[in-house]
2 protein chains.
Amino acid sequence: MLIVVALGGNALLQRDQPMTAEVQRENAHRAALALARLAAAHQVLITHGNGPQIGLLALQQVASPHTPTYPLDVLGAQTQGLIGYVLEQELRAVLPDTAPIATLLTLVEVDLDDPAFQNPTKFIGPSYAEAEACRLSAEHGWAFKQDGTRWRRVVPSPQPKHILPLQVIRWMVERSAIVICTGGGGIPVARTADGGWMGVEAVIDKDLASALLAREVGAEMLIIATESDGVYLDYGTSRQSMLRRTTPAHLRQHLHHFPPGSMGPKVQAAIDFVEHTGRPAVIGALADLDSLLSGSSGTWVEAASNDQ
Amino acid sequence: MLIVVALGGNALLQRDQPMTAEVQRENAHRAALALARLAAAHQVLITHGNGPQIGLLALQQVASPHTPTYPLDVLGAQTQGLIGYVLEQELRAVLPDTAPIATLLTLVEVDLDDPAFQNPTKFIGPSYAEAEACRLSAEHGWAFKQDGTRWRRVVPSPQPKHILPLQVIRWMVERSAIVICTGGGGIPVARTADGGWMGVEAVIDKDLASALLAREVGAEMLIIATESDGVYLDYGTSRQSMLRRTTPAHLRQHLHHFPPGSMGPKVQAAIDFVEHTGRPAVIGALADLDSLLSGSSGTWVEAASNDQ
């Protein structure tokens, strides 16, 4: 079975962990062990988030007297290198030497008219107390939004329209390679008037890009691996309840439960994949990867029988 | 004909140019135009240096209060993302939409016993006056060496032993993709005692790694594109003379002419490729790419007729 596994930022970096190479490598090692078990029986395409890492790179650049600073598309490309490397290295450590592994830089086309540019929702970088967020906002012109009790920088997150190296990814799939691609949702680019390409100051949501990838390569399943063990209604209240088995139609009725820039795009990505393909998507904890596959943990999203 | 083209740091950044994304994009655009002409008639694998870029990332990190700083292998991975992205984007602008382009993250194995770890020779980052170099050396424990009249940071540059995703690169070649890989000489990694992989604090020479790649994929020619229009004997003196056609044996006699960390490894890479394959290598200016191919400019290195 061909499966796309989207690794949340926490696969490499849990909340409040220091962002050292060692910590990311340890977390990647755990992810690699779970992915290797999956890869023993299935063909796996791996995508990953980049929120904490791209935010740190941006911070380091503006804090350094050594100019220049790079725009978000270039920083996104750097995080594909950084995270892709650590993941590939740890996968190589746990897989047979003969296992073909390919980490592919991935440009993804977005639309410059996307309404997301008017309303930044994608969290990047560390979280701050309100006063510190205000100071950073004034100093760098960055937008901030509340994330729980703290504040984080937000950037526009336009819809992914087209994965540029899709043909190459398909070839890799044909050869049964384990492919790491579409990292951080892909490097956002847009067409220029003269037929070229320009980078775009944005961070595409990695779950939406993963759903697009999964559709385009004909994946039989989309697994969205995150911090949470599943999708909750009334999360954080006394009435919270986890959805175990659900449908796109049911999720649509409850979209207001899921915050943008967090569970919202994961739910949207699952809806998107299931509605377009009729195949299942599952949202749950990376630690439960084996049981997510079988449906014994996480939130399983499938087409309603009368939708099929 | 299958050709490996190794782009020098100057393909994206000429000496003393500001290291902005715009400047790198303009230079990449010029490189892409030349590469596209080559790709119209031949199959092309592209590698690139990363000296200026990896040095800047290291500087920005140590100058920023936002820890952590990453080791050189991780920074190397970031530069593969950064430079690979800019090159791919500019190639896509000048090639037909249907041209398959793949930028592949490339891990390269090195030997921890390599004598290069005792004698750093690879220049990275900007150049400094002597006093500033002394200050940086004292502050960060970095090694510096003289480069012309100025000083630059130097790091160990071990021999590339094995290109880890070689099989995947071969598949891409079979499908006639234009592949950008082995950027910055590859991300240096070494085996650990437990069969895993560890990152290595080094920058592999991109020309030596390109020669290894060219041998391993069966390239018919290796083009080393640099700032200089060819290889000179007695460079910078009144007796300087450019070699137009030469052999590995002849170059070996003159190896002392070529500084380590600069023309030295280019000459060594050409010798290595020609001696192993009996096929030609050429060293010259990126601007002359068309005539390098035909041998009408640059320094053409071929097996002596009595070597064949």
# chains A, B, ... in the order shown; residues from 1 in each chain; ligands from 1
call {"tool": "select_by_dssp", "arguments": {"residues": "region 39-105 of chain B", "states": "strand (DSSP E)", "output": "MDAnalysis selection string"}}
result
chainID B and resid 43:48 101:103
call {"tool": "write_last_selection", "arguments": {"atoms": "C-alpha atoms", "output": "mmCIF file, in the first residue's frame"}}
result
data_model
loop_
_atom_site.group_PDB
_atom_site.id
_atom_site.type_symbol
_atom_site.label_atom_id
_atom_site.label_comp_id
_atom_site.auth_asym_id
_atom_site.auth_seq_id
_atom_site.Cartn_x
_atom_site.Cartn_y
_atom_site.Cartn_z
ATOM 1 C CA GLN B 43 22.043 15.295 -20.352
ATOM 2 C CA VAL B 44 23.258 17.395 -17.455
ATOM 3 C CA LEU B 45 23.951 16.719 -13.777
ATOM 4 C CA ILE B 46 24.652 19.911 -11.821
ATOM 5 C CA THR B 47 26.672 20.266 -8.631
ATOM 6 C CA HIS B 48 27.586 23.487 -6.849
ATOM 7 C CA ILE B 101 14.192 18.770 -12.731
ATOM 8 C CA ALA B 102 15.155 17.111 -9.461
ATOM 9 C CA THR B 103 17.137 18.707 -6.653
#
call {"tool": "calpha_fit_and_write", "arguments": {"fixed": "chain A", "moving": "chain B", "output": "CSV table (one decimal) with C-alpha atoms, in the first residue's frame"}}
result
chain,number,residue,atom,x,y,z
B,1,MET,CA,0.0,0.0,0.0
B,2,LEU,CA,1.3,3.5,-0.9
B,3,ILE,CA,1.0,5.8,2.2
B,4,VAL,CA,1.8,9.5,2.7
B,5,VAL,CA,2.8,10.2,6.2
B,6,ALA,CA,2.8,13.9,7.2
B,7,LEU,CA,5.0,14.5,10.3
B,8,GLY,CA,4.1,17.3,12.5
B,9,GLY,CA,6.6,19.8,13.7
B,10,ASN,CA,6.7,17.7,16.9
B,11,ALA,CA,8.2,14.8,15.1
B,12,LEU,CA,11.5,16.7,15.2
B,13,LEU,CA,10.8,19.1,18.0
B,14,GLN,CA,8.3,18.9,20.8
B,15,ARG,CA,6.8,22.0,22.3
B,16,ASP,CA,9.3,23.8,24.6
B,17,GLN,CA,12.3,21.5,23.7
B,18,PRO,CA,15.5,23.4,22.9
B,19,MET,CA,15.9,23.5,19.1
B,20,THR,CA,19.4,21.9,19.1
B,21,ALA,CA,20.6,19.6,16.4
B,22,GLU,CA,20.9,16.8,19.0
B,23,VAL,CA,17.3,17.1,20.2
B,24,GLN,CA,16.0,17.1,16.6
B,25,ARG,CA,18.2,14.1,15.8
B,26,GLU,CA,16.8,12.2,18.8
B,27,ASN,CA,13.2,12.9,17.9
B,28,ALA,CA,14.0,12.1,14.2
B,29,HIS,CA,15.4,8.8,15.4
B,30,ARG,CA,12.1,7.9,17.2
B,31,ALA,CA,10.2,8.9,14.1
B,32,ALA,CA,12.5,6.9,11.9
B,33,LEU,CA,12.0,3.7,14.0
B,34,ALA,CA,8.2,4.0,13.6
B,35,LEU,CA,8.5,4.9,9.8
B,36,ALA,CA,10.9,1.9,9.3
B,37,ARG,CA,8.3,-0.5,10.7
B,38,LEU,CA,5.7,1.0,8.3
B,39,ALA,CA,8.1,0.9,5.4
B,40,ALA,CA,8.8,-2.8,6.0
B,41,ALA,CA,5.2,-3.6,4.8
B,42,HIS,CA,4.3,-0.6,2.8
B,43,GLN,CA,5.6,2.1,0.5
B,44,VAL,CA,6.0,5.3,2.3
B,45,LEU,CA,6.2,9.0,1.2
B,46,ILE,CA,7.2,11.3,4.1
B,47,THR,CA,6.4,15.0,4.4
B,48,HIS,CA,7.2,17.2,7.4
B,49,GLY,CA,6.4,20.6,9.0
B,50,ASN,CA,8.9,23.3,9.5
B,51,GLY,CA,7.2,25.9,11.8
B,52,PRO,CA,9.7,26.0,14.7
B,53,GLN,CA,12.7,25.7,12.5
B,54,ILE,CA,11.8,28.4,9.9
B,55,GLY,CA,10.9,30.8,12.8
B,56,LEU,CA,14.3,30.3,14.4
B,57,LEU,CA,16.1,30.9,11.2
B,58,ALA,CA,14.2,34.2,10.7
B,59,LEU,CA,15.0,35.2,14.3
B,60,GLN,CA,18.7,34.4,14.0
B,61,GLN,CA,18.9,36.4,10.8
B,62,VAL,CA,17.3,39.6,12.0
B,63,ALA,CA,19.3,39.4,15.3
B,64,SER,CA,22.6,39.1,13.4
B,65,PRO,CA,24.6,42.1,12.1
B,66,HIS,CA,25.7,39.9,9.2
B,67,THR,CA,23.2,40.7,6.5
B,68,PRO,CA,21.4,39.8,4.3
B,69,THR,CA,18.3,38.3,5.7
B,70,TYR,CA,16.5,36.0,3.3
B,71,PRO,CA,12.7,35.9,2.5
B,72,LEU,CA,10.5,33.1,3.8
B,73,ASP,CA,10.7,31.0,0.6
B,74,VAL,CA,14.5,30.9,0.9
B,75,LEU,CA,14.3,30.1,4.6
B,76,GLY,CA,11.8,27.4,3.7
B,77,ALA,CA,14.3,25.9,1.3
B,78,GLN,CA,16.9,25.9,4.0
B,79,THR,CA,14.5,24.0,6.4
B,80,GLN,CA,13.9,21.4,3.7
B,81,GLY,CA,17.6,20.8,3.7
B,82,LEU,CA,18.0,20.9,7.5
B,83,ILE,CA,15.0,18.7,8.4
B,84,GLY,CA,15.2,16.4,5.3
B,85,TYR,CA,18.9,15.7,6.2
B,86,VAL,CA,18.2,14.8,9.8
B,87,LEU,CA,15.3,12.5,8.8
B,88,GLU,CA,17.2,10.9,6.0
B,89,GLN,CA,20.2,10.3,8.2
B,90,GLU,CA,18.1,8.6,10.9
B,91,LEU,CA,16.2,6.6,8.4
B,92,ARG,CA,19.4,5.3,6.9
B,93,ALA,CA,20.5,4.3,10.4
B,94,VAL,CA,17.5,2.0,10.9
B,95,LEU,CA,16.9,0.8,7.4
B,96,PRO,CA,18.9,-1.7,5.4
B,97,ASP,CA,21.8,-0.1,3.4
B,98,THR,CA,20.2,-1.1,0.2
B,99,ALA,CA,16.9,0.8,0.9
B,100,PRO,CA,16.7,3.6,-1.6
B,101,ILE,CA,16.0,6.9,0.2
B,102,ALA,CA,15.5,10.2,-1.7
B,103,THR,CA,15.1,13.6,-0.1
B,104,LEU,CA,13.8,15.9,-2.8
B,105,LEU,CA,13.6,19.7,-2.7
B,106,THR,CA,10.0,20.6,-3.5
B,107,LEU,CA,8.7,23.8,-5.0
B,108,VAL,CA,4.9,24.2,-4.7
B,109,GLU,CA,2.9,26.7,-6.7
B,110,VAL,CA,0.6,29.1,-4.9
B,111,ASP,CA,-1.8,31.8,-6.2
B,112,LEU,CA,-0.8,35.4,-5.5
B,113,ASP,CA,-4.5,36.3,-5.2
B,114,ASP,CA,-4.9,33.7,-2.4
B,115,PRO,CA,-7.0,35.4,0.4
B,116,ALA,CA,-4.5,34.0,2.9
B,117,PHE,CA,-2.2,36.9,2.2
B,118,GLN,CA,-4.7,39.2,3.8
B,119,ASN,CA,-5.0,37.0,7.0
B,120,PRO,CA,-1.8,35.3,8.3
B,121,THR,CA,-2.6,32.2,10.2
B,122,LYS,CA,0.4,29.9,10.1
B,123,PHE,CA,2.4,29.9,13.4
B,124,ILE,CA,6.2,29.9,13.1
B,125,GLY,CA,9.0,30.1,15.6
B,126,PRO,CA,8.9,30.2,19.4
B,127,SER,CA,6.1,31.4,21.6
B,128,TYR,CA,6.3,34.6,23.6
B,129,ALA,CA,4.6,36.5,26.4
B,130,GLU,CA,2.4,39.2,25.1
B,131,ALA,CA,4.8,42.1,25.8
B,132,GLU,CA,7.7,40.4,24.0
B,133,ALA,CA,5.5,39.6,21.0
B,134,CYS,CA,4.5,43.3,20.9
B,135,ARG,CA,8.1,44.4,20.9
B,136,LEU,CA,9.1,42.0,18.1
B,137,SER,CA,6.1,43.0,16.1
B,138,ALA,CA,7.0,46.7,16.3
B,139,GLU,CA,10.7,46.0,15.6
B,140,HIS,CA,10.3,43.7,12.5
B,141,GLY,CA,6.8,44.4,11.3
B,142,TRP,CA,5.8,40.8,12.0
B,143,ALA,CA,2.3,39.7,12.8
B,144,PHE,CA,1.5,37.8,16.0
B,145,LYS,CA,-1.5,35.8,17.2
B,146,GLN,CA,-2.4,34.1,20.4
B,147,ASP,CA,-1.6,30.3,20.6
B,148,GLY,CA,-3.0,29.0,23.8
B,149,THR,CA,-1.8,31.4,26.6
B,150,ARG,CA,1.2,32.6,24.6
B,151,TRP,CA,1.8,34.5,21.4
B,152,ARG,CA,3.5,33.4,18.2
B,153,ARG,CA,4.5,34.9,14.9
B,154,VAL,CA,2.0,34.2,12.1
B,155,VAL,CA,2.6,34.3,8.3
B,156,PRO,CA,0.3,33.8,5.3
B,157,SER,CA,-0.4,30.2,4.4
B,158,PRO,CA,-1.8,30.1,0.9
B,159,GLN,CA,-3.3,27.0,-0.6
B,160,PRO,CA,-0.9,24.7,-2.5
B,161,LYS,CA,-2.0,24.5,-6.2
B,162,HIS,CA,0.7,22.3,-7.9
B,163,ILE,CA,3.7,20.3,-6.8
B,164,LEU,CA,6.4,21.2,-9.3
B,165,PRO,CA,8.6,18.1,-9.2
B,166,LEU,CA,5.5,15.7,-9.2
B,167,GLN,CA,6.7,13.7,-12.1
B,168,VAL,CA,10.0,13.1,-10.4
B,169,ILE,CA,8.3,12.0,-7.2
B,170,ARG,CA,6.1,9.6,-9.2
B,171,TRP,CA,9.3,8.0,-10.8
B,172,MET,CA,10.7,7.6,-7.3
B,173,VAL,CA,7.5,5.9,-6.2
B,174,GLU,CA,7.7,3.6,-9.2
B,175,ARG,CA,11.1,2.5,-8.1
B,176,SER,CA,9.9,1.9,-4.6
B,177,ALA,CA,12.1,4.6,-3.0
B,178,ILE,CA,11.3,6.0,0.3
B,179,VAL,CA,10.8,9.7,-0.5
B,180,ILE,CA,11.0,12.6,1.8
B,181,CYS,CA,9.5,15.6,0.0
B,182,THR,CA,7.2,18.6,0.2
B,183,GLY,CA,8.9,19.6,3.5
B,184,GLY,CA,7.3,22.6,5.3
B,185,GLY,CA,4.4,22.3,2.8
B,186,GLY,CA,6.8,23.0,-0.1
B,187,ILE,CA,8.7,26.1,-1.0
B,188,PRO,CA,6.0,28.6,-2.1
B,189,VAL,CA,6.5,30.0,-5.6
B,190,ALA,CA,4.3,31.8,-8.1
B,191,ARG,CA,4.4,32.4,-11.9
B,192,THR,CA,5.8,35.7,-13.0
B,193,ALA,CA,4.4,37.6,-16.0
B,194,ASP,CA,7.4,36.6,-18.1
B,195,GLY,CA,6.9,32.9,-17.5
B,196,GLY,CA,9.5,32.6,-14.8
B,197,TRP,CA,9.0,31.8,-11.1
B,198,MET,CA,9.3,34.0,-8.1
B,199,GLY,CA,9.5,33.1,-4.4
B,200,VAL,CA,6.6,34.0,-2.2
B,201,GLU,CA,6.8,35.2,1.4
B,202,ALA,CA,4.6,32.5,3.0
B,203,VAL,CA,4.6,29.1,4.6
B,204,ILE,CA,2.2,26.6,3.0
B,205,ASP,CA,0.4,24.4,5.4
B,206,LYS,CA,2.2,21.0,5.3
B,207,ASP,CA,-1.0,19.0,5.8
B,208,LEU,CA,-2.8,20.6,2.9
B,209,ALA,CA,0.3,20.1,0.7
B,210,SER,CA,0.5,16.5,1.9
B,211,ALA,CA,-3.1,15.9,1.0
B,212,LEU,CA,-2.4,17.3,-2.5
B,213,LEU,CA,0.7,15.1,-2.8
B,214,ALA,CA,-1.3,12.0,-1.6
B,215,ARG,CA,-4.0,12.7,-4.2
B,216,GLU,CA,-1.5,13.3,-7.0
B,217,VAL,CA,0.6,10.2,-6.4
B,218,GLY,CA,-2.4,8.0,-5.9
B,219,ALA,CA,-1.7,7.2,-2.3
B,220,GLU,CA,-4.1,4.7,-0.7
B,221,MET,CA,-4.0,6.4,2.7
B,222,LEU,CA,-3.0,9.7,4.3
B,223,ILE,CA,-1.6,9.6,7.8
B,224,ILE,CA,-1.3,12.9,9.6
B,225,ALA,CA,1.0,12.4,12.6
B,226,THR,CA,0.8,15.0,15.2
B,227,GLU,CA,1.2,15.7,19.0
B,228,SER,CA,-2.4,14.9,19.8
B,229,ASP,CA,-3.8,11.4,19.8
B,230,GLY,CA,-6.7,12.4,17.6
B,231,VAL,CA,-9.3,15.1,16.7
B,232,TYR,CA,-11.3,16.4,19.6
B,233,LEU,CA,-14.6,18.3,19.8
B,234,ASP,CA,-14.8,20.9,22.6
B,235,TYR,CA,-11.0,20.4,23.1
B,236,GLY,CA,-9.8,21.8,26.4
B,237,THR,CA,-13.3,21.9,28.0
B,238,SER,CA,-14.9,19.4,30.4
B,239,ARG,CA,-17.0,18.2,27.5
B,240,GLN,CA,-14.1,17.3,25.2
B,241,SER,CA,-14.5,14.1,23.3
B,242,MET,CA,-12.3,12.5,20.7
B,243,LEU,CA,-13.7,11.5,17.3
B,244,ARG,CA,-12.8,7.9,16.6
B,245,ARG,CA,-14.5,7.3,13.2
B,246,THR,CA,-15.9,10.1,11.2
B,247,THR,CA,-16.7,11.4,7.7
B,248,PRO,CA,-15.9,14.6,5.8
B,249,ALA,CA,-19.5,15.7,6.1
B,250,HIS,CA,-19.5,15.3,9.8
B,251,LEU,CA,-16.1,17.1,10.2
B,252,ARG,CA,-17.4,20.0,8.1
B,253,GLN,CA,-20.2,20.6,10.5
B,254,HIS,CA,-17.7,21.0,13.3
B,255,LEU,CA,-15.0,23.0,11.5
B,256,HIS,CA,-15.4,25.9,14.0
B,257,HIS,CA,-14.0,23.5,16.7
B,258,PHE,CA,-10.6,23.4,15.1
B,259,PRO,CA,-8.2,26.4,15.3
B,260,PRO,CA,-6.6,27.7,12.1
B,261,GLY,CA,-2.9,27.2,12.0
B,262,SER,CA,-3.2,24.1,14.2
B,263,MET,CA,-5.9,21.3,14.1
B,264,GLY,CA,-7.9,23.2,11.5
B,265,PRO,CA,-5.7,22.5,8.4
B,266,LYS,CA,-5.2,18.9,9.5
B,267,VAL,CA,-8.9,18.3,9.5
B,268,GLN,CA,-9.2,20.2,6.2
B,269,ALA,CA,-6.5,18.1,4.7
B,270,ALA,CA,-8.2,14.9,5.8
B,271,ILE,CA,-11.5,16.1,4.3
B,272,ASP,CA,-9.8,17.1,1.1
B,273,PHE,CA,-8.0,13.7,0.6
B,274,VAL,CA,-11.1,11.6,1.5
B,275,GLU,CA,-13.5,13.6,-0.6
B,276,HIS,CA,-11.2,13.5,-3.7
B,277,THR,CA,-10.2,9.9,-3.5
B,278,GLY,CA,-12.7,8.0,-1.4
B,279,ARG,CA,-9.8,6.6,0.5
B,280,PRO,CA,-9.2,7.0,4.2
B,281,ALA,CA,-7.2,9.5,6.1
B,282,VAL,CA,-6.2,9.2,9.8
B,283,ILE,CA,-5.1,11.9,12.3
B,284,GLY,CA,-3.3,10.8,15.5
B,285,ALA,CA,0.0,10.6,17.4
B,286,LEU,CA,3.3,9.7,15.7
B,287,ALA,CA,3.9,7.3,18.7
B,288,ASP,CA,0.8,5.3,17.6
B,289,LEU,CA,1.8,5.0,13.9
B,290,ASP,CA,1.2,1.3,13.8
B,291,SER,CA,-2.2,1.4,15.3
B,292,LEU,CA,-3.2,4.5,13.2
B,293,LEU,CA,-2.7,2.4,10.2
B,294,SER,CA,-5.1,-0.3,11.5
B,295,GLY,CA,-7.6,2.2,12.7
B,296,SER,CA,-7.2,1.1,16.4
B,297,SER,CA,-6.1,4.6,17.5
B,298,GLY,CA,-6.4,8.1,16.2
B,299,THR,CA,-9.3,9.7,14.3
B,300,TRP,CA,-10.2,7.7,11.2
B,301,VAL,CA,-11.8,9.8,8.4
B,302,GLU,CA,-13.6,7.8,5.7
B,303,ALA,CA,-16.2,8.4,3.0
B,304,ALA,CA,-19.7,7.7,4.4
B,305,SER,CA,-21.0,4.4,2.9
B,306,ASN,CA,-23.7,6.4,1.1
B,307,ASP,CA,-21.1,8.7,-0.4
B,308,GLN,CA,-19.4,5.9,-2.1
call {"tool": "select_by_dssp", "arguments": {"residues": "region 162-195 of chain B", "states": "helix (DSSP H, G or I)", "output": "MDAnalysis selection string"}}
result
chainID B and resid 166:174 183:185
call {"tool": "write_last_selection", "arguments": {"atoms": "N, CA, C and O atoms", "output": "short mmCIF file (atom, residue, chain, number, x, y, z; two decimals), in the first residue's frame"}}
result
data_model
loop_
_atom_site.label_atom_id
_atom_site.label_comp_id
_atom_site.auth_asym_id
_atom_site.auth_seq_id
_atom_site.Cartn_x
_atom_site.Cartn_y
_atom_site.Cartn_z
N LEU B 166 23.34 7.42 -4.43
CA LEU B 166 23.82 7.22 -5.80
C LEU B 166 22.81 6.48 -6.67
O LEU B 166 22.58 6.84 -7.83
N GLN B 167 22.19 5.44 -6.08
CA GLN B 167 21.22 4.66 -6.83
C GLN B 167 20.08 5.55 -7.33
O GLN B 167 19.63 5.44 -8.47
N VAL B 168 19.62 6.42 -6.46
CA VAL B 168 18.51 7.30 -6.81
C VAL B 168 18.94 8.28 -7.92
O VAL B 168 18.18 8.54 -8.86
N ILE B 169 20.17 8.78 -7.82
CA ILE B 169 20.68 9.69 -8.87
C ILE B 169 20.73 8.94 -10.20
O ILE B 169 20.33 9.48 -11.24
N ARG B 170 21.18 7.69 -10.17
CA ARG B 170 21.23 6.89 -11.42
C ARG B 170 19.84 6.73 -12.03
O ARG B 170 19.66 6.81 -13.24
N TRP B 171 18.84 6.49 -11.18
CA TRP B 171 17.47 6.37 -11.70
C TRP B 171 17.04 7.66 -12.38
O TRP B 171 16.39 7.64 -13.42
N MET B 172 17.37 8.78 -11.75
CA MET B 172 16.99 10.09 -12.33
C MET B 172 17.68 10.27 -13.68
O MET B 172 17.08 10.79 -14.62
N VAL B 173 18.93 9.84 -13.77
CA VAL B 173 19.67 9.94 -15.04
C VAL B 173 19.00 9.07 -16.09
O VAL B 173 18.82 9.49 -17.23
N GLU B 174 18.60 7.86 -15.70
CA GLU B 174 17.90 6.97 -16.64
C GLU B 174 16.65 7.62 -17.20
O GLU B 174 16.26 7.38 -18.34
N GLY B 183 25.43 19.13 -3.68
CA GLY B 183 25.71 20.54 -3.42
C GLY B 183 26.69 20.72 -2.27
O GLY B 183 26.63 19.98 -1.28
N GLY B 184 27.58 21.69 -2.43
CA GLY B 184 28.58 21.93 -1.39
C GLY B 184 29.47 20.72 -1.15
O GLY B 184 30.03 20.57 -0.06
N GLY B 185 29.57 19.83 -2.15
CA GLY B 185 30.37 18.62 -2.01
C GLY B 185 29.65 17.49 -1.30
O GLY B 185 30.20 16.41 -1.12
#
